[in-house]
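As stored in run_37.cif (mmCIF, C-alpha atoms):
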data_final
#
loop_
_atom_site.label_atom_id
_atom_site.label_comp_id
_atom_site.auth_asym_id
_atom_site.auth_seq_id
_atom_site.Cartn_x
_atom_site.Cartn_y
_atom_site.Cartn_z
CA MET A 25 22.07 12.11 -19.67
CA ALA A 26 22.69 8.63 -18.25
CA GLY A 27 21.48 7.91 -14.75
CA PRO A 28 23.92 7.72 -11.83
CA THR A 29 25.75 4.56 -10.83
CA GLN A 30 25.70 3.19 -7.31
CA GLU A 31 29.40 4.09 -7.02
CA GLN A 32 28.62 7.75 -7.80
CA VAL A 33 25.86 7.78 -5.20
CA LEU A 34 28.08 6.23 -2.54
CA ALA A 35 30.83 8.72 -3.35
CA ALA A 36 28.39 11.57 -2.72
CA LEU A 37 27.22 10.02 0.54
CA ARG A 38 30.78 9.81 1.82
CA ALA A 39 30.59 13.57 2.26
CA VAL A 40 27.71 13.18 4.75
CA ARG A 41 28.96 12.71 8.28
CA ASP A 42 27.20 11.40 11.36
CA PRO A 43 27.33 14.34 13.83
CA ASP A 44 27.76 12.08 16.86
CA ARG A 45 29.95 9.27 15.56
CA GLY A 46 32.22 11.44 13.45
CA GLY A 47 32.60 9.23 10.37
CA ASP A 48 30.72 9.37 7.09
CA VAL A 49 27.52 7.38 6.68
CA VAL A 50 29.05 4.99 4.14
CA SER A 51 32.17 4.10 6.14
CA LEU A 52 30.02 3.63 9.25
CA GLY A 53 27.85 1.10 7.40
CA MET A 54 24.70 3.18 7.79
CA VAL A 55 23.60 3.07 4.14
CA SER A 56 21.59 0.07 2.95
CA GLY A 57 19.01 -0.89 0.35
CA LEU A 58 20.57 1.38 -2.27
CA ALA A 59 18.85 1.28 -5.66
CA ALA A 60 19.64 3.55 -8.59
CA GLY A 61 18.04 3.53 -12.02
CA ASP A 62 16.50 5.90 -14.57
CA GLY A 63 17.69 8.88 -12.55
CA ARG A 64 15.84 7.77 -9.41
CA VAL A 65 17.73 6.84 -6.26
CA THR A 66 16.38 5.25 -3.09
CA PHE A 67 18.26 4.16 0.02
CA ALA A 68 17.93 3.79 3.78
CA ILE A 69 20.05 5.21 6.59
CA GLU A 70 20.10 2.89 9.58
CA VAL A 71 20.45 4.52 12.99
CA ASP A 72 20.07 3.62 16.64
CA PRO A 73 16.40 3.85 17.68
CA LYS A 74 17.22 6.30 20.47
CA ARG A 75 18.79 8.73 17.99
CA GLY A 76 16.17 8.38 15.27
CA PRO A 77 14.02 11.49 15.94
CA ALA A 78 17.08 13.77 16.15
CA LEU A 79 18.63 12.64 12.87
CA GLU A 80 16.12 14.02 10.38
CA PRO A 81 18.71 16.69 9.38
CA LEU A 82 21.13 13.86 8.55
CA ARG A 83 18.56 12.27 6.24
CA GLN A 84 17.91 15.59 4.52
CA ALA A 85 21.65 16.19 4.09
CA ALA A 86 22.01 12.77 2.48
CA GLU A 87 19.19 13.52 0.05
CA ARG A 88 20.77 16.86 -0.88
CA ALA A 89 24.15 15.26 -1.45
CA VAL A 90 22.73 12.62 -3.78
CA ALA A 91 20.49 15.12 -5.57
CA ALA A 92 23.64 16.98 -6.63
CA VAL A 93 24.99 13.92 -8.49
CA PRO A 94 24.73 14.40 -12.29
CA GLY A 95 21.82 12.44 -13.75
CA VAL A 96 19.81 12.22 -10.53
CA THR A 97 16.22 13.35 -11.01
CA HIS A 98 14.68 12.18 -7.74
CA VAL A 99 15.98 10.98 -4.36
CA THR A 100 14.18 9.18 -1.56
CA ALA A 101 16.08 8.52 1.65
CA VAL A 102 14.40 6.61 4.47
CA LEU A 103 15.58 6.98 8.05
CA THR A 104 15.13 3.63 9.74
CA ALA A 105 15.83 2.70 13.34
CA GLN A 106 16.97 -0.87 13.81
CA ARG A 107 15.85 -2.37 17.10
CA PRO A 108 18.43 -4.21 19.22
CA ALA A 109 18.18 -7.97 18.85
CA ALA A 110 16.90 -8.39 22.41
CA ALA A 111 14.10 -5.85 22.05
CA PRO A 112 10.60 -7.32 22.26
CA PRO A 113 8.47 -7.26 19.11
CA PRO A 114 5.54 -4.86 18.84
CA VAL A 115 2.49 -6.06 20.71
CA PRO A 116 -0.64 -6.34 18.55
CA GLY A 117 -3.62 -4.38 19.74
CA ALA A 118 -2.72 -0.85 18.72
CA GLY A 119 -5.81 -0.90 16.53
CA GLY A 120 -6.17 1.55 13.71
CA GLY A 121 -3.20 3.67 14.62
CA LYS A 122 -3.53 4.15 18.37
CA GLY A 123 0.21 3.81 18.98
CA THR A 124 2.71 6.56 19.70
CA ASN A 125 3.86 6.79 16.06
CA ARG A 126 0.41 7.41 14.64
CA VAL A 127 0.38 8.85 11.12
CA GLU A 128 -2.08 11.71 10.86
CA LEU A 129 -3.70 12.49 7.50
CA PRO A 130 -6.19 15.24 8.38
CA GLY A 131 -7.50 15.66 4.83
CA VAL A 132 -8.37 11.97 4.39
CA ARG A 133 -11.79 10.97 5.70
CA ALA A 134 -11.29 7.19 5.53
CA ILE A 135 -8.49 4.74 4.73
CA VAL A 136 -9.39 1.25 3.51
CA ALA A 137 -6.84 -1.57 3.27
CA VAL A 138 -7.24 -4.21 0.56
CA ALA A 139 -5.45 -7.32 1.77
CA SER A 140 -5.00 -11.03 1.25
CA GLY A 141 -3.29 -13.79 3.15
CA LYS A 142 -1.36 -14.93 0.07
CA GLY A 143 -0.26 -13.67 -3.31
CA GLY A 144 -1.80 -14.48 -6.67
CA VAL A 145 -5.45 -13.92 -5.75
CA GLY A 146 -5.90 -10.66 -7.68
CA LYS A 147 -5.63 -8.30 -4.71
CA SER A 148 -3.98 -5.46 -6.66
CA THR A 149 -6.49 -5.76 -9.49
CA THR A 150 -9.27 -5.58 -6.92
CA ALA A 151 -7.69 -2.58 -5.19
CA ALA A 152 -7.29 -0.64 -8.44
CA ASN A 153 -10.82 -1.32 -9.62
CA LEU A 154 -12.24 -0.64 -6.15
CA ALA A 155 -10.54 2.77 -6.13
CA LEU A 156 -11.85 3.53 -9.62
CA GLY A 157 -15.30 2.30 -8.64
CA LEU A 158 -15.34 4.65 -5.64
CA ALA A 159 -14.24 7.51 -7.90
CA ALA A 160 -17.05 6.65 -10.31
CA GLU A 161 -19.45 7.08 -7.39
CA GLY A 162 -18.32 10.70 -7.11
CA LEU A 163 -15.83 10.33 -4.27
CA ARG A 164 -12.39 11.93 -4.07
CA VAL A 165 -10.08 8.92 -4.01
CA GLY A 166 -6.40 8.16 -3.43
CA LEU A 167 -4.66 4.85 -4.11
CA MET A 168 -1.50 3.92 -2.23
CA ASP A 169 0.57 0.93 -3.32
CA ALA A 170 1.98 -0.45 -0.06
CA ASP A 171 3.62 -3.44 -1.73
CA ILE A 172 7.22 -2.22 -1.46
CA TYR A 173 8.74 -5.40 -2.92
CA GLY A 174 6.34 -5.83 -5.83
CA PRO A 175 4.72 -2.49 -6.70
CA SER A 176 2.27 -2.84 -9.58
CA MET A 177 0.10 0.28 -9.53
CA PRO A 178 2.17 2.42 -11.95
CA ARG A 179 1.65 -0.15 -14.71
CA MET A 180 -1.86 -1.13 -13.69
CA MET A 181 -3.04 2.49 -13.63
CA GLY A 182 -1.16 3.36 -16.83
CA ILE A 183 1.00 6.06 -15.21
CA THR A 184 4.34 6.94 -16.81
CA SER A 185 4.89 10.31 -15.09
CA LYS A 186 6.66 10.60 -11.75
CA PRO A 187 5.65 12.35 -8.50
CA ARG A 188 6.55 16.04 -8.58
CA ALA A 189 8.59 17.51 -5.73
CA THR A 190 7.02 20.59 -4.12
CA ASP A 191 8.54 23.55 -2.28
CA ARG A 192 7.38 21.95 0.97
CA LYS A 193 9.76 18.99 0.45
CA THR A 194 6.82 16.72 -0.25
CA LEU A 195 5.70 14.82 -3.33
CA GLU A 196 2.67 15.57 -5.45
CA PRO A 197 1.27 12.20 -6.57
CA PRO A 198 0.39 11.50 -10.20
CA VAL A 199 -3.31 11.30 -11.06
CA ALA A 200 -4.91 8.63 -13.25
CA TYR A 201 -8.62 8.51 -14.08
CA GLY A 202 -9.24 11.04 -11.32
CA VAL A 203 -7.44 8.99 -8.64
CA LYS A 204 -4.25 10.17 -6.89
CA VAL A 205 -1.70 7.35 -6.89
CA MET A 206 1.52 6.79 -4.95
CA SER A 207 3.82 3.78 -5.25
CA MET A 208 7.42 2.79 -4.66
CA GLY A 209 7.30 1.83 -8.33
CA PHE A 210 7.56 5.55 -9.17
CA LEU A 211 10.82 5.86 -7.28
CA VAL A 212 12.79 2.82 -8.50
CA ALA A 213 13.27 1.28 -11.92
CA GLU A 214 10.61 -1.29 -12.83
CA ASP A 215 13.13 -4.15 -12.93
CA ALA A 216 15.15 -3.05 -9.88
CA PRO A 217 14.68 -5.27 -6.81
CA THR A 218 13.97 -3.61 -3.46
CA ILE A 219 16.25 -5.43 -1.04
CA TRP A 220 15.11 -3.91 2.23
CA ARG A 221 14.66 -5.25 5.73
CA GLY A 222 11.46 -4.83 7.73
CA PRO A 223 12.23 -1.50 9.47
CA MET A 224 13.21 0.05 6.14
CA VAL A 225 9.89 -1.00 4.65
CA GLN A 226 8.06 0.49 7.62
CA GLY A 227 9.89 3.79 7.19
CA ALA A 228 9.11 3.90 3.48
CA LEU A 229 5.40 3.29 4.08
CA VAL A 230 5.19 6.07 6.66
CA GLN A 231 6.96 8.49 4.31
CA MET A 232 4.66 7.62 1.39
CA LEU A 233 1.77 8.58 3.63
CA ARG A 234 3.17 11.54 5.53
CA ASP A 235 5.35 13.18 2.83
CA VAL A 236 2.84 13.05 -0.03
CA GLU A 237 0.38 15.84 -0.85
CA TRP A 238 -2.78 13.73 -0.69
CA GLY A 239 -5.01 16.76 -0.17
CA ASP A 240 -8.69 16.25 0.69
CA LEU A 241 -9.88 12.70 0.02
CA ASP A 242 -13.09 10.91 0.87
CA VAL A 243 -11.37 7.52 0.72
CA MET A 244 -7.80 6.30 0.38
CA VAL A 245 -7.48 2.70 -0.84
CA VAL A 246 -4.28 0.95 0.25
CA ASP A 247 -3.10 -2.04 -1.78
CA MET A 248 -1.41 -4.12 0.91
CA PRO A 249 1.34 -6.64 0.24
CA PRO A 250 0.28 -10.28 0.69
CA GLY A 251 0.71 -11.94 4.05
CA THR A 252 0.78 -10.74 7.65
CA GLY A 253 4.25 -9.25 8.10
CA ASP A 254 5.90 -5.93 8.95
CA ALA A 255 4.12 -3.85 6.32
CA GLN A 256 0.70 -5.04 7.40
CA LEU A 257 1.42 -4.38 11.08
CA THR A 258 2.80 -0.93 10.29
CA MET A 259 -0.38 0.01 8.45
CA ALA A 260 -2.67 -1.57 11.04
CA GLN A 261 -0.93 -0.11 14.08
CA GLN A 262 0.19 3.33 12.89
CA VAL A 263 -2.52 4.33 10.40
CA PRO A 264 -6.16 5.05 11.36
CA LEU A 265 -7.70 2.42 9.10
CA ALA A 266 -11.46 2.61 8.66
CA GLY A 267 -11.52 -1.03 7.68
CA ALA A 268 -10.07 -3.84 5.61
CA VAL A 269 -11.34 -5.69 2.56
CA ILE A 270 -10.07 -9.28 2.30
CA VAL A 271 -9.60 -10.75 -1.19
CA SER A 272 -9.56 -14.50 -1.75
CA THR A 273 -10.18 -17.09 -4.42
CA PRO A 274 -12.73 -19.85 -3.72
CA GLN A 275 -10.40 -22.79 -3.03
CA ASP A 276 -9.69 -24.00 0.48
CA ILE A 277 -5.95 -23.22 0.52
CA ALA A 278 -6.57 -19.57 -0.41
CA LEU A 279 -9.36 -19.26 2.14
CA LEU A 280 -7.06 -20.63 4.85
CA ASP A 281 -4.60 -17.80 4.19
CA ALA A 282 -7.39 -15.24 3.87
CA ARG A 283 -8.59 -16.27 7.32
CA LYS A 284 -5.13 -15.49 8.73
CA GLY A 285 -5.21 -12.02 7.19
CA LEU A 286 -8.68 -11.37 8.52
CA ASN A 287 -7.74 -12.49 12.03
CA MET A 288 -4.67 -10.24 11.99
CA PHE A 289 -6.85 -7.18 11.42
CA ARG A 290 -9.21 -8.29 14.14
CA ARG A 291 -6.34 -8.65 16.60
CA VAL A 292 -5.31 -5.04 16.05
CA ASP A 293 -8.90 -3.77 16.26
CA VAL A 294 -9.31 -2.87 12.57
CA PRO A 295 -12.87 -3.52 11.31
CA VAL A 296 -13.12 -6.11 8.54
CA LEU A 297 -15.54 -4.68 5.98
CA GLY A 298 -15.97 -7.98 4.22
CA ILE A 299 -14.60 -10.60 1.83
CA VAL A 300 -14.42 -10.51 -1.97
CA GLU A 301 -14.31 -13.75 -3.94
CA ASN A 302 -12.08 -13.13 -6.97
CA MET A 303 -11.75 -15.57 -9.89
CA SER A 304 -15.08 -16.87 -8.68
CA TYR A 305 -15.97 -18.69 -11.90
CA PHE A 306 -15.05 -18.79 -15.59
CA CYS A 307 -17.42 -18.35 -18.51
CA CYS A 308 -16.11 -19.36 -21.92
CA PRO A 309 -16.19 -16.24 -24.14
CA ASN A 310 -17.09 -18.40 -27.17
CA CYS A 311 -19.83 -20.74 -25.96
CA GLY A 312 -20.79 -19.20 -22.61
CA HIS A 313 -20.25 -22.45 -20.70
CA ARG A 314 -19.46 -21.81 -17.05
CA THR A 315 -16.67 -23.66 -15.23
CA ASP A 316 -15.82 -23.28 -11.56
CA ILE A 317 -12.06 -23.66 -12.02
CA PHE A 318 -11.18 -22.90 -8.39
CA GLY A 319 -14.50 -23.99 -6.95
CA HIS A 320 -17.25 -21.51 -6.19
CA GLY A 321 -18.86 -19.97 -3.14
CA GLY A 322 -16.05 -20.73 -0.70
CA ALA A 323 -15.54 -17.08 0.22
CA ARG A 324 -19.27 -16.55 0.77
CA ALA A 325 -19.40 -19.55 3.10
CA GLU A 326 -16.24 -18.39 4.89
CA ALA A 327 -17.67 -14.90 5.37
CA GLU A 328 -20.81 -16.34 6.90
CA ARG A 329 -18.77 -18.61 9.17
CA LEU A 330 -16.58 -15.73 10.35
CA GLY A 331 -19.45 -13.30 10.80
CA VAL A 332 -18.38 -10.74 8.18
CA GLU A 333 -20.12 -9.45 5.08
CA PHE A 334 -19.66 -11.11 1.70
CA LEU A 335 -19.04 -8.11 -0.55
CA GLY A 336 -19.36 -9.85 -3.90
CA GLU A 337 -17.81 -12.13 -6.49
CA VAL A 338 -15.70 -11.28 -9.54
CA PRO A 339 -15.28 -13.81 -12.37
CA LEU A 340 -12.05 -14.98 -13.94
CA HIS A 341 -12.06 -13.29 -17.34
CA ILE A 342 -9.43 -12.36 -19.88
CA SER A 343 -10.73 -8.79 -20.23
CA ILE A 344 -10.02 -8.07 -16.53
CA ARG A 345 -6.45 -9.30 -16.97
CA GLU A 346 -5.85 -7.52 -20.28
CA THR A 347 -7.19 -4.16 -19.13
CA SER A 348 -5.16 -4.29 -15.92
CA ASP A 349 -1.95 -5.22 -17.75
CA GLY A 350 -2.65 -2.48 -20.26
CA GLY A 351 -3.00 0.28 -17.67
CA HIS A 352 -6.72 0.79 -18.32
CA PRO A 353 -8.58 -1.25 -15.66
CA ILE A 354 -11.96 -2.74 -16.48
CA VAL A 355 -13.97 -0.20 -14.47
CA VAL A 356 -12.82 2.58 -16.81
CA ALA A 357 -12.22 0.44 -19.92
CA ASP A 358 -15.76 -0.98 -20.03
CA PRO A 359 -17.74 0.85 -17.32
CA GLU A 360 -21.11 -0.60 -18.32
CA GLY A 361 -19.88 -4.17 -18.73
CA GLU A 362 -20.80 -6.91 -16.28
CA HIS A 363 -17.27 -7.22 -14.90
CA ALA A 364 -16.97 -3.50 -14.21
CA GLN A 365 -20.39 -3.58 -12.61
CA ALA A 366 -19.24 -6.35 -10.26
CA PHE A 367 -16.49 -4.05 -8.98
CA ARG A 368 -18.89 -1.09 -8.87
CA ARG A 369 -21.29 -3.01 -6.63
CA ILE A 370 -18.44 -3.86 -4.25
CA ALA A 371 -17.32 -0.22 -4.30
CA ARG A 372 -20.82 1.03 -3.44
CA ARG A 373 -21.04 -1.34 -0.49
CA VAL A 374 -17.61 -0.30 0.79
CA ARG A 375 -18.57 3.36 0.36
CA ASP A 376 -21.77 2.92 2.32
CA LYS A 377 -20.09 1.05 5.17
CA VAL A 378 -17.10 3.36 5.51
CA LEU A 379 -18.89 6.68 5.24
CA ALA A 380 -21.72 5.55 7.51
CA ALA A 381 -19.19 4.54 10.15
CA ARG A 382 -17.53 7.96 9.91
CA GLU A 383 -20.80 9.76 10.40
CA THR A 384 -22.07 7.60 13.26
CA PRO A 385 -20.79 8.68 16.70
CA ALA A 386 -19.29 5.97 18.87
CA MET A 387 -21.71 4.55 21.43
CA PRO A 388 -20.64 4.95 25.05
CA ARG A 389 -19.48 1.86 26.87
CA ILE A 390 -21.68 0.83 29.79
CA VAL A 391 -19.91 -1.19 32.42
CA MET A 392 -22.03 -3.14 34.89
CA GLU A 393 -20.40 -3.91 38.23
#
For this file, produce the structure as structure tokens.
Amino acid sequence: MAGPTQEQVLAALRAVRDPDRGGDVVSLGMVSGLAAGDGRVTFAIEVDPKRGPALEPLRQAAERAVAAVPGVTHVTAVLTAQRPAAAPPPVPGAGGGKGTNRVELPGVRAIVAVASGKGGVGKSTTAANLALGLAAEGLRVGLMDADIYGPSMPRMMGITSKPRATDRKTLEPPVAYGVKVMSMGFLVAEDAPTIWRGPMVQGALVQMLRDVEWGDLDVMVVDMPPGTGDAQLTMAQQVPLAGAVIVSTPQDIALLDARKGLNMFRRVDVPVLGIVENMSYFCCPNCGHRTDIFGHGGARAEAERLGVEFLGEVPLHISIRETSDGGHPIVVADPEGEHAQAFRRIARRVRDKVLAARETPAMPRIVME
């Protein structure tokens, strides 16, 4: 059966009425970011911030209405509260989820963000192989793809199945190589753009955390989108992050952006676990000659300058790219190879730092007057 069209979805949503305003959600202009493809439908319902907490039944009614459309196999509706234009922006400093909208994941011992200040530095490849490296160390691991606009984990982890809806109105994430994975890429067609504003992205991230059956995990690795925007602040301020891993390439322009990402986490009191230098050097597979295409050692020097740990370097190599594109990342494709071992060493260091921090009680503050 063919998937639903946007017109069919909108027709179904016209039967859902706002209890306070009287009209239907489509006529009132409350529906945005609608994407439909391969039987999967995602959209946002925009409401006044003051009404947000009371309108969860409206969101559920919208999901039920769309689920009844022929050809629909899965629906995700996000309730997003648009702030008035004059409202002040969030103030950094909520550190690791200390704000009022804190997302609680009681079964997850530690959440680690993998971030970069810019795109194209291999952050997602690092996140996937870090998660697999942690799993290879015997940990129970989850991997969340927080890049709403450019989700890559379904392909990178070789997952073709979709999350399964449970009786508790939550999603059971697919598992690949022993790692639980959740991504917006499971909910929209691979070539469908996600045209969402900031608050909609924030709502989607919270739902992917709160409404997913993560179970008991030692570590959740979060593949952050590049930059320092809404998604990063949502994760830093509303989620109890144990720390962040910054990924950069060696050249100065990439390190400049990596520094911005690192300083953002510091401003919101999230520990920076260290810096990874990706594409650190290139060795010719035929003759073995080494070339520092992007320079070498810049991330190590930057880590020393900023007072954070240098977690390791990963070379630029065709096997890392091919295995990631093929859905069989290098850590599982060639676990004893030197490139997999580079990721495994980084994973062991992250494991040691995160789990040690969890087991060490906070020292009391002593104030001298």
Length of the CA of Val246 in chain A to CA of Thr66 in chain A vector [Å]: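 Computing it gives 21.4 Å between the two atoms.
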If we count only C-alpha atoms, what is near Ile344 in chain A at a cut-off of 12 Å, once residues fewer than 4 positions away on the same chain are taken out, given as an mmCIF file with C-alpha atoms, in the coordinates of the input?
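Listing of result_13.cif after writing:
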data_model
loop_
_atom_site.group_PDB
_atom_site.id
_atom_site.type_symbol
_atom_site.label_atom_id
_atom_site.label_comp_id
_atom_site.auth_asym_id
_atom_site.auth_seq_id
_atom_site.Cartn_x
_atom_site.Cartn_y
_atom_site.Cartn_z
ATOM 1 C CA GLY A 146 -5.900 -10.660 -7.680
ATOM 2 C CA SER A 148 -3.980 -5.460 -6.660
ATOM 3 C CA THR A 149 -6.490 -5.760 -9.490
ATOM 4 C CA THR A 150 -9.270 -5.580 -6.920
ATOM 5 C CA ALA A 152 -7.290 -0.640 -8.440
ATOM 6 C CA ASN A 153 -10.820 -1.320 -9.620
ATOM 7 C CA MET A 180 -1.860 -1.130 -13.690
ATOM 8 C CA ASN A 302 -12.080 -13.130 -6.970
ATOM 9 C CA MET A 303 -11.750 -15.570 -9.890
ATOM 10 C CA PHE A 306 -15.050 -18.790 -15.590
ATOM 11 C CA VAL A 338 -15.700 -11.280 -9.540
ATOM 12 C CA PRO A 339 -15.280 -13.810 -12.370
ATOM 13 C CA LEU A 340 -12.050 -14.980 -13.940
ATOM 14 C CA SER A 348 -5.160 -4.290 -15.920
ATOM 15 C CA ASP A 349 -1.950 -5.220 -17.750
ATOM 16 C CA GLY A 350 -2.650 -2.480 -20.260
ATOM 17 C CA GLY A 351 -3.000 0.280 -17.670
ATOM 18 C CA HIS A 352 -6.720 0.790 -18.320
ATOM 19 C CA PRO A 353 -8.580 -1.250 -15.660
ATOM 20 C CA ILE A 354 -11.960 -2.740 -16.480
ATOM 21 C CA VAL A 355 -13.970 -0.200 -14.470
ATOM 22 C CA VAL A 356 -12.820 2.580 -16.810
ATOM 23 C CA ALA A 357 -12.220 0.440 -19.920
ATOM 24 C CA ASP A 358 -15.760 -0.980 -20.030
ATOM 25 C CA PRO A 359 -17.740 0.850 -17.320
ATOM 26 C CA GLY A 361 -19.880 -4.170 -18.730
ATOM 27 C CA GLU A 362 -20.800 -6.910 -16.280
ATOM 28 C CA HIS A 363 -17.270 -7.220 -14.900
ATOM 29 C CA ALA A 364 -16.970 -3.500 -14.210
ATOM 30 C CA GLN A 365 -20.390 -3.580 -12.610
ATOM 31 C CA ALA A 366 -19.240 -6.350 -10.260
ATOM 32 C CA PHE A 367 -16.490 -4.050 -8.980
#
Enter the distance from CA of His313 in chain A to CA of Val145 in chain A, in Å, rounded to one decimal.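 Atom-to-atom, CA of His313 in chain A and CA of Val145 in chain A are spaced 22.7 Å apart.
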Can you spell out as a PDB file with C-alpha atoms, in the frame of the given file the set of residues that the PyMOL selection byres ((chain A and resi 203) around 12) selects in the structure I just provided?
ATOM      1  CA  ALA A 152      -7.290  -0.640  -8.440  1.00  0.00           C
ATOM      2  CA  ASN A 153     -10.820  -1.320  -9.620  1.00  0.00           C
ATOM      3  CA  LEU A 154     -12.240  -0.640  -6.150  1.00  0.00           C
ATOM      4  CA  ALA A 155     -10.540   2.770  -6.130  1.00  0.00           C
ATOM      5  CA  LEU A 156     -11.850   3.530  -9.620  1.00  0.00           C
ATOM      6  CA  GLY A 157     -15.300   2.300  -8.640  1.00  0.00           C
ATOM      7  CA  LEU A 158     -15.340   4.650  -5.640  1.00  0.00           C
ATOM      8  CA  ALA A 159     -14.240   7.510  -7.900  1.00  0.00           C
ATOM      9  CA  ALA A 160     -17.050   6.650 -10.310  1.00  0.00           C
ATOM     10  CA  GLY A 162     -18.320  10.700  -7.110  1.00  0.00           C
ATOM     11  CA  LEU A 163     -15.830  10.330  -4.270  1.00  0.00           C
ATOM     12  CA  ARG A 164     -12.390  11.930  -4.070  1.00  0.00           C
ATOM     13  CA  VAL A 165     -10.080   8.920  -4.010  1.00  0.00           C
ATOM     14  CA  GLY A 166      -6.400   8.160  -3.430  1.00  0.00           C
ATOM     15  CA  LEU A 167      -4.660   4.850  -4.110  1.00  0.00           C
ATOM     16  CA  MET A 168      -1.500   3.920  -2.230  1.00  0.00           C
ATOM     17  CA  MET A 177       0.100   0.280  -9.530  1.00  0.00           C
ATOM     18  CA  MET A 181      -3.040   2.490 -13.630  1.00  0.00           C
ATOM     19  CA  GLY A 182      -1.160   3.360 -16.830  1.00  0.00           C
ATOM     20  CA  ILE A 183       1.000   6.060 -15.210  1.00  0.00           C
ATOM     21  CA  PRO A 197       1.270  12.200  -6.570  1.00  0.00           C
ATOM     22  CA  PRO A 198       0.390  11.500 -10.200  1.00  0.00           C
ATOM     23  CA  VAL A 199      -3.310  11.300 -11.060  1.00  0.00           C
ATOM     24  CA  ALA A 200      -4.910   8.630 -13.250  1.00  0.00           C
ATOM     25  CA  TYR A 201      -8.620   8.510 -14.080  1.00  0.00           C
ATOM     26  CA  GLY A 202      -9.240  11.040 -11.320  1.00  0.00           C
ATOM     27  CA  LYS A 204      -4.250  10.170  -6.890  1.00  0.00           C
ATOM     28  CA  VAL A 205      -1.700   7.350  -6.890  1.00  0.00           C
ATOM     29  CA  MET A 206       1.520   6.790  -4.950  1.00  0.00           C
ATOM     30  CA  TRP A 238      -2.780  13.730  -0.690  1.00  0.00           C
ATOM     31  CA  GLY A 239      -5.010  16.760  -0.170  1.00  0.00           C
ATOM     32  CA  ASP A 240      -8.690  16.250   0.690  1.00  0.00           C
ATOM     33  CA  LEU A 241      -9.880  12.700   0.020  1.00  0.00           C
ATOM     34  CA  ASP A 242     -13.090  10.910   0.870  1.00  0.00           C
ATOM     35  CA  VAL A 243     -11.370   7.520   0.720  1.00  0.00           C
ATOM     36  CA  MET A 244      -7.800   6.300   0.380  1.00  0.00           C
ATOM     37  CA  VAL A 245      -7.480   2.700  -0.840  1.00  0.00           C
ATOM     38  CA  VAL A 356     -12.820   2.580 -16.810  1.00  0.00           C
TER      39      VAL A 356
END
Please expand the PyMOL selection byres ((chain A and resi 294-301) around 6) into the concrete residues it hits in this file, giving the result as a count of residues only. 22
Which residue gives the smallest distance to Pro73 in chain A among A:Val33, A:Ala260, A:Ile342, A:Leu103, with all atoms listed in the file counted?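 Under the stated criterion, the closest residue is A:Leu103.
Here the residues that fall within 8 Å of (20.7, 3.3, 10.0), using all atoms listed in the file, are given as Gly53, Met54, Val55, Ser56, Ala68, Ile69, Glu70, Val71, Asp72, Leu103, Thr104, Ala105 and Gln106 of chain A.
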Contacts of Pro249 in chain A at 8 Å or less, counting only C-alpha atoms, minus same-chain residues fewer than 2 places along, as number ranges by chain? A: 139-140, 170-172, 174, 247, 251, 255-256
Starting from the PyMOL selection byres ((chain A and resi 85-93) around 12), expand the selection into actual residues of this file and give them as a count of residues only. 50
Edge lengths and centre, in Å to one decimal, as AutoDock Vina command-line options: that's what I need for the box along x, y and z that holds all listed atoms of range 155-169 of chain A plus 4 Å on each side.
--center_x -9.4 --center_y 6.4 --center_z -6.3 --size_x 28.0 --size_y 19.0 --size_z 16.1
Between CA of Phe210 in chain A and CA of Met248 in chain A, measure the distance and give it in Å to one decimal. 16.6 Å
So, counting all atoms listed in the file, which residue among A:Leu257, A:Leu233, A:Val138, A:Val263 is closest to Ala371 in chain A?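 Selected residue with least distance to Ala371 in chain A: A:Val138.
When all atoms listed in the file are used to measure the gap to Val225 in chain A, the shortest distance among A:Val374, A:Ala59, A:Leu379, A:Met208 belongs to A:Met208.
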